[in-house]
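Structure below is upload_13.pdb: PDB, C-alpha atoms and all ligand atoms.
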```
ATOM      1  CA  MET A   1    -106.729 -45.887  35.542
ATOM      2  CA  TYR A   2    -103.705 -48.073  35.050
ATOM      3  CA  VAL A   3    -100.950 -45.568  34.279
ATOM      4  CA  CYS A   4     -98.613 -46.060  37.210
ATOM      5  CA  GLN A   5     -95.248 -44.942  38.451
ATOM      6  CA  PHE A   6     -92.377 -46.543  40.271
ATOM      7  CA  SER A   7     -93.107 -47.202  43.911
ATOM      8  CA  ALA A   8     -90.954 -45.671  46.656
ATOM      9  CA  GLU A   9     -89.771 -49.209  47.415
ATOM     10  CA  VAL A  10     -88.446 -49.769  43.882
ATOM     11  CA  LEU A  11     -86.740 -46.379  43.854
ATOM     12  CA  HIS A  12     -85.195 -47.000  47.276
ATOM     13  CA  HIS A  13     -83.869 -50.355  46.083
ATOM     14  CA  LEU A  14     -82.363 -48.671  43.028
ATOM     15  CA  MET A  15     -80.844 -45.780  44.953
ATOM     16  CA  TYR A  16     -79.195 -47.930  47.621
ATOM     17  CA  PRO A  17     -77.807 -50.880  45.643
ATOM     18  CA  GLN A  18     -75.485 -53.585  46.926
ATOM     19  CA  SER A  19     -72.802 -52.602  44.429
ATOM     20  CA  SER A  20     -71.212 -49.388  43.150
ATOM     21  CA  HIS A  21     -71.347 -50.656  39.565
ATOM     22  CA  ALA A  22     -72.472 -47.919  37.155
ATOM     23  CA  ALA A  23     -75.342 -50.108  35.915
ATOM     24  CA  TYR A  24     -77.198 -49.296  39.177
ATOM     25  CA  TYR A  25     -76.488 -45.594  38.862
ATOM     26  CA  VAL A  26     -77.740 -45.618  35.273
ATOM     27  CA  ALA A  27     -80.837 -47.663  36.194
ATOM     28  CA  THR A  28     -81.625 -45.215  39.021
ATOM     29  CA  GLN A  29     -81.260 -42.130  36.853
ATOM     30  CA  MET A  30     -83.367 -43.725  34.156
ATOM     31  CA  ALA A  31     -86.051 -44.748  36.679
ATOM     32  CA  LEU A  32     -86.264 -41.126  37.859
ATOM     33  CA  ALA A  33     -86.584 -39.902  34.257
ATOM     34  CA  HIS A  34     -89.248 -42.521  33.516
ATOM     35  CA  ASN A  35     -91.084 -41.573  36.694
ATOM     36  CA  GLY A  36     -91.217 -37.993  35.404
ATOM     37  CA  ILE A  37     -92.709 -39.214  32.125
ATOM     38  CA  LEU A  38     -95.336 -41.287  33.935
ATOM     39  CA  ARG A  39     -96.254 -38.515  36.357
ATOM     40  CA  GLY A  40     -96.692 -36.125  33.436
ATOM     41  CA  LEU A  41     -98.997 -38.555  31.678
ATOM     42  CA  ASN A  42    -100.935 -39.165  34.880
ATOM     43  CA  SER A  43    -101.445 -35.426  35.314
ATOM     44  CA  ILE A  44    -102.818 -35.128  31.757
ATOM     45  CA  TYR A  45    -105.157 -38.070  32.250
ATOM     46  CA  LEU A  46    -106.420 -36.826  35.603
ATOM     47  CA  GLN A  47    -106.980 -33.195  34.512
ATOM     48  CA  ALA A  48    -108.320 -33.867  30.994
ATOM     49  CA  THR A  49    -111.998 -33.945  31.938
ATOM     50  CA  HIS A  50    -111.818 -31.048  34.419
ATOM     51  CA  ILE A  51    -110.918 -28.168  32.075
ATOM     52  CA  PRO A  52    -113.934 -25.831  31.832
ATOM     53  CA  ARG A  53    -115.406 -26.080  28.302
ATOM     54  CA  GLU A  54    -115.993 -22.338  28.134
ATOM     55  CA  ASP A  55    -112.409 -21.426  29.064
ATOM     56  CA  LEU A  56    -110.763 -21.615  25.643
ATOM     57  CA  ASP A  57    -107.472 -20.149  26.930
ATOM     58  CA  ALA A  58    -107.190 -22.878  29.564
ATOM     59  CA  ILE A  59    -107.955 -25.532  26.943
ATOM     60  CA  ARG A  60    -105.341 -24.077  24.598
ATOM     61  CA  ASP A  61    -102.780 -24.077  27.421
ATOM     62  CA  PHE A  62    -103.661 -27.632  28.359
ATOM     63  CA  LEU A  63    -103.240 -28.815  24.752
ATOM     64  CA  THR A  64     -99.839 -27.094  24.686
ATOM     65  CA  TYR A  65     -98.934 -28.961  27.884
ATOM     66  CA  CYS A  66     -99.930 -32.224  26.151
ATOM     67  CA  GLN A  67     -97.730 -31.310  23.171
ATOM     68  CA  CYS A  68     -94.775 -30.590  25.479
ATOM     69  CA  TRP A  69     -95.209 -33.964  27.137
ATOM     70  CA  CYS A  70     -95.256 -35.670  23.711
ATOM     71  CA  GLU A  71     -92.121 -33.845  22.619
ATOM     72  CA  SER A  72     -90.247 -34.790  25.775
ATOM     73  CA  MET A  73     -91.227 -38.417  25.134
ATOM     74  CA  HIS A  74     -89.850 -38.242  21.597
ATOM     75  CA  HIS A  75     -86.743 -36.491  22.866
ATOM     76  CA  HIS A  76     -86.036 -39.195  25.445
ATOM     77  CA  HIS A  77     -86.612 -42.198  23.200
ATOM     78  CA  ASP A  78     -84.942 -40.749  20.102
ATOM     79  CA  ALA A  79     -81.782 -39.989  22.089
ATOM     80  CA  GLU A  80     -81.712 -43.505  23.518
ATOM     81  CA  GLU A  81     -82.000 -45.123  20.107
ATOM     82  CA  LYS A  82     -79.588 -42.772  18.385
ATOM     83  CA  ASP A  83     -76.577 -43.147  20.639
ATOM     84  CA  PHE A  84     -77.140 -44.771  24.040
ATOM     85  CA  PHE A  85     -78.490 -48.166  22.961
ATOM     86  CA  PRO A  86     -75.843 -48.600  20.217
ATOM     87  CA  SER A  87     -73.160 -47.736  22.818
ATOM     88  CA  ILE A  88     -74.495 -50.426  25.162
ATOM     89  CA  GLU A  89     -74.426 -52.941  22.331
ATOM     90  CA  LEU A  90     -70.816 -52.023  21.640
ATOM     91  CA  ILE A  91     -69.760 -52.230  25.312
ATOM     92  CA  SER A  92     -71.506 -55.558  25.949
ATOM     93  CA  ASP A  93     -70.527 -57.006  22.584
ATOM     94  CA  VAL A  94     -73.988 -58.582  22.520
ATOM     95  CA  LYS A  95     -75.757 -57.859  19.245
ATOM     96  CA  GLY A  96     -79.362 -56.816  19.815
ATOM     97  CA  ILE A  97     -79.009 -56.526  23.601
ATOM     98  CA  MET A  98     -81.349 -53.491  23.569
ATOM     99  CA  GLU A  99     -83.582 -54.803  20.780
ATOM    100  CA  ARG A 100     -86.471 -55.685  23.084
ATOM    101  CA  ASN A 101     -86.527 -52.078  24.300
ATOM    102  CA  ILE A 102     -86.577 -50.767  20.737
ATOM    103  CA  GLU A 103     -89.439 -53.153  19.907
ATOM    104  CA  GLN A 104     -91.297 -51.807  22.925
ATOM    105  CA  HIS A 105     -90.804 -48.243  21.638
ATOM    106  CA  ARG A 106     -92.542 -49.389  18.414
ATOM    107  CA  ALA A 107     -95.352 -51.042  20.384
ATOM    108  CA  PHE A 108     -96.619 -47.831  21.963
ATOM    109  CA  THR A 109     -95.824 -45.541  19.010
ATOM    110  CA  PRO A 110     -99.101 -45.850  16.990
ATOM    111  CA  GLY A 111    -101.302 -44.918  19.960
ATOM    112  CA  PHE A 112     -98.870 -42.272  21.119
ATOM    113  CA  ASP A 113     -98.826 -40.697  17.624
ATOM    114  CA  LEU A 114    -102.628 -40.432  17.604
ATOM    115  CA  PHE A 115    -102.533 -38.677  20.978
ATOM    116  CA  GLN A 116     -99.853 -36.283  19.752
ATOM    117  CA  GLU A 117    -101.819 -35.581  16.578
ATOM    118  CA  TYR A 118    -104.930 -34.767  18.601
ATOM    119  CA  SER A 119    -103.046 -32.445  20.947
ATOM    120  CA  ARG A 120    -101.554 -30.624  17.946
ATOM    121  CA  THR A 121    -104.645 -30.279  15.797
ATOM    122  CA  CYS A 122    -107.620 -30.103  18.153
ATOM    123  CA  LEU A 123    -109.266 -26.685  18.152
ATOM    124  CA  PRO A 124    -110.071 -25.462  21.682
ATOM    125  CA  ARG A 125    -113.773 -25.188  20.826
ATOM    126  CA  ASP A 126    -113.791 -28.886  19.797
ATOM    127  CA  TYR A 127    -111.872 -30.107  22.873
ATOM    128  CA  ASP A 128    -113.109 -33.321  24.425
ATOM    129  CA  GLY A 129    -111.464 -34.484  27.659
ATOM    130  CA  ARG A 130    -112.946 -37.973  27.326
ATOM    131  CA  LYS A 131    -111.268 -38.257  23.923
ATOM    132  CA  ILE A 132    -107.909 -37.381  25.542
ATOM    133  CA  ARG A 133    -108.478 -40.113  28.102
ATOM    134  CA  SER A 134    -109.406 -42.748  25.543
ATOM    135  CA  LEU A 135    -106.364 -41.867  23.404
ATOM    136  CA  ILE A 136    -104.100 -42.281  26.458
ATOM    137  CA  GLU A 137    -105.729 -45.577  27.405
ATOM    138  CA  ALA A 138    -104.801 -46.946  23.964
ATOM    139  CA  PHE A 139    -101.049 -46.696  24.590
ATOM    140  CA  ALA A 140    -100.601 -46.354  28.369
ATOM    141  CA  GLU A 141    -100.182 -50.053  29.016
ATOM    142  CA  PRO A 142     -97.377 -50.807  26.496
ATOM    143  CA  LEU A 143     -95.670 -47.529  27.451
ATOM    144  CA  THR A 144     -95.781 -48.306  31.170
ATOM    145  CA  GLN A 145     -94.554 -51.844  30.537
ATOM    146  CA  HIS A 146     -91.621 -50.479  28.539
ATOM    147  CA  LEU A 147     -90.682 -47.834  31.100
ATOM    148  CA  HIS A 148     -90.468 -50.536  33.773
ATOM    149  CA  ASP A 149     -88.731 -53.191  31.661
ATOM    150  CA  GLU A 150     -85.973 -50.871  30.489
ATOM    151  CA  ILE A 151     -84.846 -50.414  34.107
ATOM    152  CA  GLU A 152     -84.404 -54.159  34.483
ATOM    153  CA  THR A 153     -82.370 -54.275  31.253
ATOM    154  CA  LEU A 154     -80.095 -51.525  32.586
ATOM    155  CA  ARG A 155     -79.626 -53.186  35.969
ATOM    156  CA  GLY A 156     -78.589 -56.341  34.107
ATOM    157  CA  LEU A 157     -75.611 -54.486  32.619
ATOM    158  CA  ASP A 158     -73.703 -54.975  35.892
ATOM    159  CA  VAL A 159     -71.632 -57.725  34.272
ATOM    160  CA  TYR A 160     -70.025 -55.315  31.786
ATOM    161  CA  ASP A 161     -67.391 -52.577  32.085
ATOM    162  CA  SER A 162     -68.680 -50.156  34.728
ATOM    163  CA  GLY A 163     -66.635 -47.144  33.571
ATOM    164  CA  ARG A 164     -67.716 -47.439  29.952
ATOM    165  CA  ILE A 165     -71.380 -47.798  30.913
ATOM    166  CA  ARG A 166     -71.150 -44.650  33.043
ATOM    167  CA  GLN A 167     -69.505 -42.785  30.150
ATOM    168  CA  ALA A 168     -72.213 -43.928  27.715
ATOM    169  CA  TYR A 169     -74.893 -42.629  30.077
ATOM    170  CA  GLN A 170     -73.065 -39.351  30.605
ATOM    171  CA  ARG A 171     -72.987 -38.867  26.826
ATOM    172  CA  LEU A 172     -76.744 -39.491  26.732
ATOM    173  CA  GLU A 173     -77.324 -36.933  29.504
ATOM    174  CA  LYS A 174     -75.131 -34.398  27.741
ATOM    175  CA  SER A 175     -76.936 -34.761  24.427
ATOM    176  CA  LEU A 176     -80.343 -34.569  26.148
ATOM    177  CA  MET A 177     -79.389 -31.412  28.032
ATOM    178  CA  ALA A 178     -77.955 -29.799  24.890
ATOM    179  CA  THR A 179     -81.245 -30.188  23.043
ATOM    180  CA  ASP A 180     -84.001 -30.064  25.656
ATOM    181  CA  ASN A 181     -85.007 -26.428  25.225
ATOM    182  CA  VAL A 182     -86.161 -26.702  21.648
ATOM    183  CA  ARG A 183     -89.863 -26.985  20.970
ATOM    184  CA  ARG A 184     -90.429 -28.757  17.679
ATOM    185  CA  THR A 185     -94.058 -27.844  17.166
ATOM    186  CA  LEU A 186     -95.392 -24.493  18.189
ATOM    187  CA  SER A 187     -99.074 -24.356  17.443
ATOM    188  CA  TYR A 188    -101.049 -21.411  18.682
ATOM    189  CA  LYS A 189    -104.639 -21.597  17.609
TER
HETATM  190 FE    FE B 201     -85.571 -44.593  28.924
END
```

Could you write out this file's structure as structure tokens?
Ligand SMILES: [Fe+2]
Amino acid sequence: MYVCQFSAEVLHHLMYPQSSHAAYYVATQMALAHNGILRGLNSIYLQATHIPREDLDAIRDFLTYCQCWCESMHHHHDAEEKDFFPSIELISDVKGIMERNIEQHRAFTPGFDLFQEYSRTCLPRDYDGRKIRSLIEAFAEPLTQHLHDEIETLRGLDVYDSGRIRQAYQRLEKSLMATDNVRRTLSYK
């Protein structure tokens, strides 16, 4: 299984930087958020084949958990693209500075969408844990690559205005917190 998370060493390095520039604060906060995403995906992958086939309630709950994970992924990446990345482009005055990250969002989207579709539409009696695993394997690598690379992009912002970068991130946090209690797809089967 190749879905991974940030090592304690990387997180320590991020949390105790050489400089007080906001780029390091932002990179640290983002690494913690990405770690949460990766741990959630790991938990789905690890548990997928251990849900008892005869326990339809447990399967239904597990599929709901998968849907919640998918929605939090959408929530995170949509918010970045809508406001945060454009703000960084404005602050840096470098057109396309976040483009590689947006391209990486597109790279894992087809596989991610298939996983989300399965978690939404699968009937508990048809549940197949191996199918969940194979769907995850189809997008885990580009997703993991992206979640790591974005941190490096953010650390590299330490040459731009620290205060404005902090403000841009605070706006992102505020918009995420204002909208994170809304489930977009409730499907009880
Ligand atoms: Fe991110």

* To do: Mind giving me the straight-line distance from atom CA of A:Ile165 to atom CA of A:Ala22 in Å, one decimal?
  => 6.3 Å

* Asked: Hey, what comes out of the PyMOL selection byres (((chain A and resi 131) around 12) and not hetatm) on this file? Could you write it as a PyMOL selection string?
  -> chain A and resi 44-45+48-49+114-115+118-119+122+126-130+132-138

How would you write, as a PDB file with C-alpha atoms, in the frame of the given file, the set of residues no farther than 8 Å from ligand FE 201 (chain B) when counting only C-alpha atoms and all ligand atoms?
```pdb
ATOM      1  CA  MET A  30     -83.367 -43.725  34.156  1.00  0.00           C
ATOM      2  CA  ALA A  31     -86.051 -44.748  36.679  1.00  0.00           C
ATOM      3  CA  ALA A  33     -86.584 -39.902  34.257  1.00  0.00           C
ATOM      4  CA  HIS A  34     -89.248 -42.521  33.516  1.00  0.00           C
ATOM      5  CA  HIS A  76     -86.036 -39.195  25.445  1.00  0.00           C
ATOM      6  CA  HIS A  77     -86.612 -42.198  23.200  1.00  0.00           C
ATOM      7  CA  GLU A  80     -81.712 -43.505  23.518  1.00  0.00           C
ATOM      8  CA  LEU A 147     -90.682 -47.834  31.100  1.00  0.00           C
ATOM      9  CA  GLU A 150     -85.973 -50.871  30.489  1.00  0.00           C
ATOM     10  CA  ILE A 151     -84.846 -50.414  34.107  1.00  0.00           C
TER      11      ILE A 151
END
```

* Using the chain letters and numbers from the file, which residues does the PyMOL selection byres (((chain A and resi 63) around 10) and not hetatm) grab, as a count of residues only? -> 26

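Considering the residues A:His74, A:Leu32, A:Thr144, A:Asn42 and counting only C-alpha atoms, A:Asp180 has its shortest atom-to-atom contact with A:His74.
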
* Distance in Å - atom CA of A:Ile51 versus atom CA of A:Asn35 -> 24.4 Å

* **Residue nearest A:Ser175 - candidates A:His75, A:Leu41, A:Leu46, A:Glu141, atoms counted: only C-alpha atoms** => A:His75

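Using only C-alpha atoms, the protein and nucleic acid residues lying no more than 9 Å from A:His105, apart from those fewer than 3 places from it along its own chain, are A:His77, A:Arg100, A:Asn101, A:Ile102, A:Phe108, A:Thr109, A:Pro142, A:Leu143, A:His146.
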
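With distances restricted to all atoms listed in the file, A:Gly156 is the closest residue to A:Ile97 from A:Arg39, A:Arg125, A:Ser72, A:Gly156.
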
* To do: Name the closest residue to A:Asp83 among the candidates A:Ile37, A:Leu172, A:Cys70, A:Leu157; distances are taken between atoms, counting all atoms listed in the file.
  => A:Leu172

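For the pair atom CA of A:Ser20 and atom CA of A:Ser87, the separation is 20.5 Å.
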
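Residues surrounding A:His21 within 8 Å are Tyr25, Asp158 and Ser162 of chain A [only C-alpha atoms; sequence separation below 4 positions excluded].
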
* To do: Would you mind listing what lies within 8 Å of A:Ala27 as a count of residues only, with only C-alpha atoms counted and same-chain residues fewer than 6 positions away left out?
  => 5

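Restricting the calculation to all atoms listed in the file, the smallest distance between A:Gln29 and any of A:Gln170, A:Glu71, A:Gln104, A:Ala178 is found for A:Gln170.
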
Please, could N, CA and C atoms be added to stretch 134-146 of chain A and the result written as an mmCIF file, in the frame of the given file?
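Wrote it out as result.cif, contents follow:
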```cif
data_model
loop_
_atom_site.group_PDB
_atom_site.id
_atom_site.type_symbol
_atom_site.label_atom_id
_atom_site.label_comp_id
_atom_site.auth_asym_id
_atom_site.auth_seq_id
_atom_site.Cartn_x
_atom_site.Cartn_y
_atom_site.Cartn_z
ATOM 1 N N SER A 134 -109.354 -41.494 26.311
ATOM 2 C CA SER A 134 -109.406 -42.748 25.543
ATOM 3 C C SER A 134 -108.147 -42.900 24.682
ATOM 4 N N LEU A 135 -107.612 -41.785 24.182
ATOM 5 C CA LEU A 135 -106.364 -41.867 23.404
ATOM 6 C C LEU A 135 -105.214 -42.350 24.297
ATOM 7 N N ILE A 136 -105.156 -41.854 25.527
ATOM 8 C CA ILE A 136 -104.100 -42.281 26.458
ATOM 9 C C ILE A 136 -104.263 -43.766 26.801
ATOM 10 N N GLU A 137 -105.495 -44.174 27.030
ATOM 11 C CA GLU A 137 -105.729 -45.577 27.405
ATOM 12 C C GLU A 137 -105.242 -46.538 26.323
ATOM 13 N N ALA A 138 -105.208 -46.062 25.063
ATOM 14 C CA ALA A 138 -104.801 -46.946 23.964
ATOM 15 C C ALA A 138 -103.300 -47.247 23.963
ATOM 16 N N PHE A 139 -102.493 -46.398 24.603
ATOM 17 C CA PHE A 139 -101.049 -46.696 24.590
ATOM 18 C C PHE A 139 -100.415 -46.736 25.988
ATOM 19 N N ALA A 140 -101.184 -46.437 27.024
ATOM 20 C CA ALA A 140 -100.601 -46.354 28.369
ATOM 21 C C ALA A 140 -99.999 -47.680 28.831
ATOM 22 N N GLU A 141 -100.664 -48.764 28.510
ATOM 23 C CA GLU A 141 -100.182 -50.053 29.016
ATOM 24 C C GLU A 141 -98.831 -50.456 28.405
ATOM 25 N N PRO A 142 -98.696 -50.467 27.041
ATOM 26 C CA PRO A 142 -97.377 -50.807 26.496
ATOM 27 C C PRO A 142 -96.288 -49.799 26.877
ATOM 28 N N LEU A 143 -96.664 -48.531 27.034
ATOM 29 C CA LEU A 143 -95.670 -47.529 27.451
ATOM 30 C C LEU A 143 -95.188 -47.821 28.878
ATOM 31 N N THR A 144 -96.134 -48.048 29.776
ATOM 32 C CA THR A 144 -95.781 -48.306 31.170
ATOM 33 C C THR A 144 -94.923 -49.570 31.285
ATOM 34 N N GLN A 145 -95.324 -50.587 30.537
ATOM 35 C CA GLN A 145 -94.554 -51.844 30.537
ATOM 36 C C GLN A 145 -93.108 -51.557 30.114
ATOM 37 N N HIS A 146 -92.957 -50.792 29.041
ATOM 38 C CA HIS A 146 -91.621 -50.479 28.539
ATOM 39 C C HIS A 146 -90.803 -49.690 29.565
#
```
